[in-house]
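Engineer: Here it is: the structure, laid out below.
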Amino acid sequence: MIFESESDDMTYEFARGLGEKAVPGQVYALNGELGAGKTVFAKGFAEGLGVTERVNSPTYTILHSYLSGRLPFHHFDVYRIAEPEEMEEIGYEDCFYSEGVSLVEWADEIRELLPESTVFVNITKAPGKGAGYRRIEIENIGD
Ligand SMILES: Nc1ncnc2c1ncn2[C@@H]1O[C@H](COP(=O)(O)OP(=O)(O)OP(=O)(O)O)[C@@H](O)[C@H]1O
Ligand SMILES: [Mg+2]
C-alpha cells in the first residue's frame, strides 16, 4: 500500500488511522532518512491508539512505553544502538511478543530481531515533489 503525503498533518492523520486499527502484538518497523517523518508518524499512530501522554522520540533512551491508550504502546528509536545486545538489555522481547503494539524508528538497525509478521513502513522524500511530500509505503499489513 502506498500513501502519498503532502504535509506533516497528512502523515499524522494517516498514521492515526493505522493506530486506530492496530491489533495486539503488532510490530511496526519504520525506516527513512533523518527528518523523513518517522516521529510524526509515531505521534499520529499513538493518538490513534488512544495514547494521551505527549509522545517524544526516545532517541537517547531507545524505548518509551505508554500505557494510557487502548493497548500498550512501545515506541523505540534504535538510531543510536551500537549492538543488538542493547535490545535484549531493554527487554524488547517483552514488547514485541506481547499484547501491546510496538513501533520502531530506524528499524533496519535491528532487522534480524524483527518478527516475521512485522509491518514495514518506509518513508521517502522525492526530489521535485516539494518539501512537504513524502511517499509512505506500507508492507505486510492486514494478514
Ligand atoms: N509530509 C510530511 N510528513 C511528515 N513530516 C513532514 C512532512 N513534510 C514536512 N515534514 C517535516 O519533516 C520533519 C519530520 O521530522 P521527524 O522528527 O518526524 O523525522 P524523523 O524521521 O523522526 O527523523 P529522525 O530520524 O531525526 O528521528 C518535521 O519537521 C515535519 O514537519
Ligand atoms: Mg524520529
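Residues in the C-alpha cells are numbered from 1 in each chain, the chains being A, B, ... in the order shown, and ligands are numbered from 1 in the order shown.
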List the neighbours of Ile2 of chain A out to 8 Å using only C-alpha atoms; skip same-chain residues closer than 3 positions along the sequence, and give me the result as number ranges by chain.
Structural biologist: A: 135-138
Engineer: Could you save those same residues with C-alpha atoms as an mmCIF file, in the first residue's frame?
Structural biologist:
```cif
data_model
loop_
_atom_site.group_PDB
_atom_site.id
_atom_site.type_symbol
_atom_site.label_atom_id
_atom_site.label_comp_id
_atom_site.auth_asym_id
_atom_site.auth_seq_id
_atom_site.Cartn_x
_atom_site.Cartn_y
_atom_site.Cartn_z
ATOM 1 C CA ARG A 135 5.915 8.650 -0.091
ATOM 2 C CA ILE A 136 4.813 6.226 2.621
ATOM 3 C CA GLU A 137 4.958 2.596 1.632
ATOM 4 C CA ILE A 138 3.340 0.013 3.908
#
```
Engineer: List as a list in words the protein and nucleic acid residues near Leu49 of chain A, meaning an atom at most 12 Å away when only C-alpha atoms are counted, but skip any in the same chain fewer than 6 places from it.
Structural biologist: Ala15, Arg16, Gly17, Leu18, Gly19, Glu20, Lys21, Ala22, Val23, Pro24, Ala42, Lys43, Val55, Tyr66, Leu67, Ser68, Gly69, Arg70, Leu71, Pro72, Phe73, His74, Gly100, Val101, Ser102 and Leu103 of chain A
Engineer: So which residues are near ligand 2, meaning at most 10 Å away with only C-alpha atoms and all ligand atoms counted, given back as a VMD selection string?
Structural biologist: chain A and resid 30 to 43 56 to 59 76 to 79 104 to 106
Engineer: Determine the nearest neighbour of ligand 1 from the options A:Glu139, A:Glu99, A:Asp9, A:Glu83, counting only C-alpha atoms and all ligand atoms.
Structural biologist: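 Result for the nearest residue to ligand 1: A:Asp9.
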Engineer: Pick the closest to ligand 1 from A:Tyr97, A:Tyr60, A:Tyr133, A:Phe14: which is it, counting only C-alpha atoms and all ligand atoms?
Structural biologist: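 Among A:Tyr97, A:Tyr60, A:Tyr133, A:Phe14, it is A:Tyr133 that comes nearest to ligand 1.
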Engineer: What's around Glu89 of chain A at 12 Å? Count only C-alpha atoms, leave out sequence neighbours fewer than 5 positions away in its own chain, and write the answer as a list in words.
Structural biologist: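 Residues meeting the cut-off are Thr61, Ile62, Leu63, Ile81, Glu83, Pro84 and Asp94 of chain A.
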Engineer: What does the structure give for the distance between atom 23 (O, counted along the ligand's line) of ligand 1 and atom CA of Pro115 of chain A, in Å to one decimal?
Structural biologist: 23.3 Å
Engineer: For each of A:Ala29, A:Ile123, A:Leu114, A:Ile141, take the minimum atom-to-atom distance to His75 of chain A, counting only C-alpha atoms, then give the residue where this is smallest.
Structural biologist: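 Checking each of A:Ala29, A:Ile123, A:Leu114, A:Ile141 against His75 of chain A, counting only C-alpha atoms, the winner is A:Ala29.
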Engineer: Between A:Glu47, A:Glu85, A:Glu53, A:Asp8, which one has atoms that come closest to Glu112 of chain A, using only C-alpha atoms?
Structural biologist: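 Counting only C-alpha atoms, the residue closest to Glu112 of chain A is A:Glu85.
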Engineer: Considering only C-alpha atoms and all ligand atoms, state which residue in the set A:Val27, A:Ala107, A:Ala131, A:Ile90 is at the smallest distance from ligand 1.
Structural biologist: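 Closest candidate: A:Ala131.
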Engineer: Among the residues of segment 60-98 of chain A, find those DSSP assigns to strand (DSSP E) from the backbone and print them as an MDAnalysis selection string.
Structural biologist: chainID A and resid 63:66 73:77
Engineer: What is the distance, in Å and to one decimal place, between atom 8 (N, counted along the ligand's line) of ligand 1 and atom CA of Ser5 of chain A?
Structural biologist: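 Distance between the two atoms: 7.7 Å.
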Engineer: Closest to ligand 1 among A:Asn140, A:Gly50, A:Ser98, A:Arg134, using only C-alpha atoms and all ligand atoms?
Structural biologist: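 Ranked by minimum distance to ligand 1, first place goes to A:Arg134.
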Engineer: Just list the residues in chain A DSSP gives alpha helix (DSSP H) on the backbone, as a PyMOL selection string.
Structural biologist: chain A and resi 8-21+38-49+85-89+93-96
